[in-house]
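Here's start07.txt, which has compact mmCIF, C-alpha atoms:
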# COMPACT_ATOMS: atom_id res chain seq x y z
CA MET A 1 38.23 66.86 -11.06
CA ARG A 2 35.61 65.46 -13.44
CA SER A 3 35.67 66.51 -17.08
CA ILE A 4 32.73 68.44 -18.44
CA ALA A 5 31.15 65.47 -20.17
CA LYS A 6 27.38 65.17 -20.46
CA ARG A 7 25.94 63.31 -17.49
CA PRO A 8 23.97 60.29 -18.76
CA GLY A 9 20.24 60.01 -18.17
CA TRP A 10 18.96 57.08 -16.13
CA ASP A 11 18.22 54.88 -19.15
CA GLU A 12 21.70 55.46 -20.59
CA TYR A 13 23.27 54.84 -17.18
CA PHE A 14 21.58 51.48 -16.65
CA LEU A 15 22.17 50.44 -20.27
CA GLU A 16 25.88 51.09 -19.74
CA ILE A 17 25.76 48.82 -16.70
CA ALA A 18 24.01 46.15 -18.82
CA GLN A 19 26.88 46.45 -21.32
CA VAL A 20 29.39 45.76 -18.55
CA VAL A 21 27.31 42.79 -17.33
CA SER A 22 27.37 41.37 -20.89
CA LYS A 23 31.14 40.95 -20.56
CA ARG A 24 30.48 37.98 -18.23
CA SER A 25 28.64 36.12 -21.01
CA THR A 26 29.87 32.61 -21.76
CA CYS A 27 28.32 32.40 -25.24
CA LEU A 28 30.46 32.14 -28.37
CA ARG A 29 27.89 33.86 -30.59
CA ARG A 30 26.58 36.90 -28.75
CA PHE A 31 27.10 38.58 -25.40
CA TYR A 32 24.06 39.92 -23.57
CA GLY A 33 23.63 41.62 -20.23
CA ALA A 34 20.41 42.52 -18.42
CA VAL A 35 19.79 44.75 -15.43
CA ILE A 36 16.46 44.93 -13.57
CA VAL A 37 15.86 48.27 -11.88
CA ARG A 38 13.05 49.65 -9.74
CA ASP A 39 13.00 53.17 -8.35
CA ARG A 40 16.53 53.69 -9.72
CA VAL A 41 17.88 50.82 -7.59
CA ILE A 42 19.36 47.68 -9.18
CA VAL A 43 17.29 44.64 -8.24
CA SER A 44 19.18 42.01 -10.25
CA THR A 45 21.57 41.40 -13.13
CA GLY A 46 22.05 38.52 -15.54
CA TYR A 47 24.06 37.51 -18.58
CA ASN A 48 23.63 34.75 -21.12
CA GLY A 49 25.42 31.52 -20.42
CA SER A 50 25.09 27.85 -19.61
CA PRO A 51 23.10 26.78 -16.54
CA ARG A 52 25.05 26.42 -13.30
CA GLY A 53 27.18 23.30 -13.28
CA GLU A 54 27.12 22.81 -17.06
CA ALA A 55 30.03 23.36 -19.41
CA ASN A 56 30.13 26.80 -21.00
CA CYS A 57 30.39 27.20 -24.76
CA ILE A 58 33.49 29.37 -24.35
CA ASP A 59 35.13 26.51 -22.44
CA THR A 60 34.17 23.76 -24.90
CA ASP A 61 34.72 26.06 -27.92
CA ARG A 62 31.53 24.65 -29.44
CA CYS A 63 28.23 26.25 -30.44
CA VAL A 64 25.70 23.84 -31.93
CA ARG A 65 23.58 26.64 -33.41
CA GLU A 66 26.67 28.18 -35.04
CA GLU A 67 27.75 24.80 -36.45
CA MET A 68 24.25 24.34 -37.92
CA LYS A 69 24.19 27.97 -39.18
CA VAL A 70 20.91 28.62 -37.34
CA PRO A 71 19.80 32.26 -37.75
CA LYS A 72 19.25 34.53 -34.74
CA GLY A 73 15.85 33.98 -33.16
CA GLN A 74 15.43 30.39 -34.29
CA ARG A 75 15.89 26.93 -32.75
CA TYR A 76 16.68 28.12 -29.20
CA GLU A 77 16.12 24.58 -27.98
CA LEU A 78 19.52 23.71 -29.46
CA CYS A 79 21.27 26.36 -27.38
CA ALA A 80 22.86 25.47 -24.04
CA ALA A 81 22.56 29.04 -22.73
CA VAL A 82 20.02 30.69 -20.48
CA HIS A 83 19.23 34.20 -21.74
CA ALA A 84 20.43 37.28 -19.83
CA GLU A 85 16.84 38.37 -19.13
CA GLN A 86 15.97 34.93 -17.79
CA ASN A 87 19.01 34.87 -15.49
CA ALA A 88 18.23 38.38 -14.19
CA ILE A 89 14.65 37.30 -13.41
CA ILE A 90 15.76 34.05 -11.77
CA ASN A 91 18.28 35.93 -9.60
CA GLY A 92 15.87 38.70 -8.57
CA ASP A 93 13.40 39.13 -5.73
CA PRO A 94 9.89 38.80 -7.25
CA VAL A 95 8.46 41.50 -5.00
CA LYS A 96 11.10 44.01 -6.08
CA MET A 97 10.59 43.25 -9.80
CA LYS A 98 6.92 44.28 -9.86
CA GLY A 99 6.69 47.52 -11.83
CA ALA A 100 10.43 47.51 -12.62
CA THR A 101 12.35 48.18 -15.82
CA ILE A 102 14.69 45.68 -17.43
CA TYR A 103 17.63 47.07 -19.41
CA ILE A 104 19.20 44.84 -22.09
CA ALA A 105 22.40 45.32 -24.08
CA GLY A 106 24.11 42.90 -26.41
CA PHE A 107 27.09 42.56 -28.69
CA GLU A 108 28.01 40.34 -31.61
CA HIS A 109 31.28 38.41 -31.40
CA ASP A 110 32.92 41.15 -33.51
CA GLY A 111 31.99 43.84 -30.96
CA SER A 112 29.16 45.43 -32.95
CA PHE A 113 25.78 45.90 -31.30
CA ALA A 114 23.37 42.96 -31.26
CA ASP A 115 19.65 43.65 -31.10
CA GLY A 116 18.60 43.47 -27.45
CA GLN A 117 14.87 43.11 -28.10
CA PRO A 118 13.74 40.13 -25.99
CA CYS A 119 12.64 36.93 -27.70
CA LEU A 120 9.07 35.68 -27.28
CA LEU A 121 9.95 33.37 -24.36
CA CYS A 122 11.81 36.16 -22.52
CA ARG A 123 8.89 38.54 -23.15
CA ARG A 124 6.60 36.03 -21.45
CA MET A 125 8.95 35.71 -18.50
CA ILE A 126 9.26 39.49 -18.23
CA ARG A 127 5.46 39.82 -18.17
CA ASN A 128 5.18 37.01 -15.64
CA ALA A 129 7.72 38.77 -13.39
CA MET A 130 5.42 41.85 -13.63
CA ILE A 131 8.20 43.99 -15.06
CA ASP A 132 6.51 46.91 -16.81
CA ARG A 133 9.14 48.32 -19.09
CA VAL A 134 11.88 47.03 -21.38
CA VAL A 135 14.67 49.35 -22.54
CA TYR A 136 17.22 47.89 -24.91
CA ILE A 137 19.88 48.78 -27.43
CA ASP A 138 19.04 47.67 -30.96
CA GLY A 139 21.46 46.41 -33.62
CA LEU A 140 22.24 49.96 -34.72
CA GLY A 141 23.10 51.18 -31.20
CA SER A 142 19.84 53.09 -30.72
CA ILE A 143 17.86 52.98 -27.48
CA LYS A 144 14.40 51.42 -27.82
CA GLU A 145 11.62 51.05 -25.26
CA VAL A 146 8.71 48.65 -24.91
CA ASN A 147 5.96 48.72 -22.29
CA ILE A 148 5.74 44.96 -21.96
CA GLN A 149 2.41 44.91 -20.09
CA GLN A 150 0.70 47.11 -22.72
CA ASP A 151 2.34 45.02 -25.44
CA ALA A 152 0.66 41.92 -23.94
CA ASP A 153 -2.74 43.62 -24.21
CA GLY A 154 -2.12 44.41 -27.87
CA LYS A 155 -2.20 48.17 -27.27
Mind converting the file's structure to structure tokens?
Amino acid sequence: MRSIAKRPGWDEYFLEIAQVVSKRSTCLRRFYGAVIVRDRVIVSTGYNGSPRGEANCIDTDRCVREEMKVPKGQRYELCAAVHAEQNAIINGDPVKMKGATIYIAGFEHDGSFADGQPCLLCRRMIRNAMIDRVVYIDGLGSIKEVNIQQDADGK
């Protein structure tokens, strides 16, 4: 019999799934997971890690950005990883992504929350995939939402 715990809402439910997906991350710095959902059905998932066929940072035990002490959000060209959002978009069916929501959760290497707000490049890819909504967990563990299509219009 199930305990009398509060049943999570849909956003919480899919964010929890994104947290589980983040456990597959191959990054030494941060672990991110993304889940694309339309009509409460999972379309695709992705986590941050090296492109297929390339060595993963966790396997080489080397992070160039960490060695250079590059702050979060800067010098992504030095990073070997593909972002969780990018991998979820690449793995998804474009028709099913139109009008969908992408859920993003991330963790620092110490287990604390990392801000899941997508970077500028990921925001562009999300818009290009015609995903309407972004729901993420910020660095304090709070749930945030962005309507990515309205955001593009400056509204």
Distance query 7 Å from (13.9, 37.9, -23.3) using only C-alpha atoms, result as a PyMOL selection string: chain A and resi 83+85-86+118-123
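Nearest residue to Leu15 in chain A among A:Ala84, A:Ile131, A:Val70, A:Ile104 is A:Ile104, counting all atoms listed in the file.
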Separation of CA of Gly111 in chain A from CA of Asn48 in chain A, in Å and rounded to one decimal: 15.8 Å
Range 52-69 of chain A environment, 8 Å, only C-alpha atoms, sequence neighbours closer than 4 positions dropped, as a VMD selection string: chain A and resid 26 to 29 75 78 to 80
Coordinates-based distance that separates CA of Ser142 in chain A from CA of Thr101 in chain A (Å, one decimal):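 These two atoms are separated by 17.4 Å.
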Excluding Ile148 in chain A and any residue of its chain fewer than 6 positions from it, enumerate the residues within 12 Å of it, using all atoms listed in the file, and give them as a CSV table (one decimal) with C-alpha atoms, in the coordinates of the input.
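Contents of selection23.csv, freshly written:
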chain,number,residue,atom,x,y,z
A,99,GLY,CA,6.7,47.5,-11.8
A,100,ALA,CA,10.4,47.5,-12.6
A,101,THR,CA,12.4,48.2,-15.8
A,102,ILE,CA,14.7,45.7,-17.4
A,117,GLN,CA,14.9,43.1,-28.1
A,118,PRO,CA,13.7,40.1,-26.0
A,120,LEU,CA,9.1,35.7,-27.3
A,122,CYS,CA,11.8,36.2,-22.5
A,123,ARG,CA,8.9,38.5,-23.2
A,124,ARG,CA,6.6,36.0,-21.4
A,125,MET,CA,9.0,35.7,-18.5
A,126,ILE,CA,9.3,39.5,-18.2
A,127,ARG,CA,5.5,39.8,-18.2
A,128,ASN,CA,5.2,37.0,-15.6
A,129,ALA,CA,7.7,38.8,-13.4
A,130,MET,CA,5.4,41.8,-13.6
A,131,ILE,CA,8.2,44.0,-15.1
A,132,ASP,CA,6.5,46.9,-16.8
A,133,ARG,CA,9.1,48.3,-19.1
A,134,VAL,CA,11.9,47.0,-21.4
A,135,VAL,CA,14.7,49.4,-22.5
A,154,GLY,CA,-2.1,44.4,-27.9
A,155,LYS,CA,-2.2,48.2,-27.3
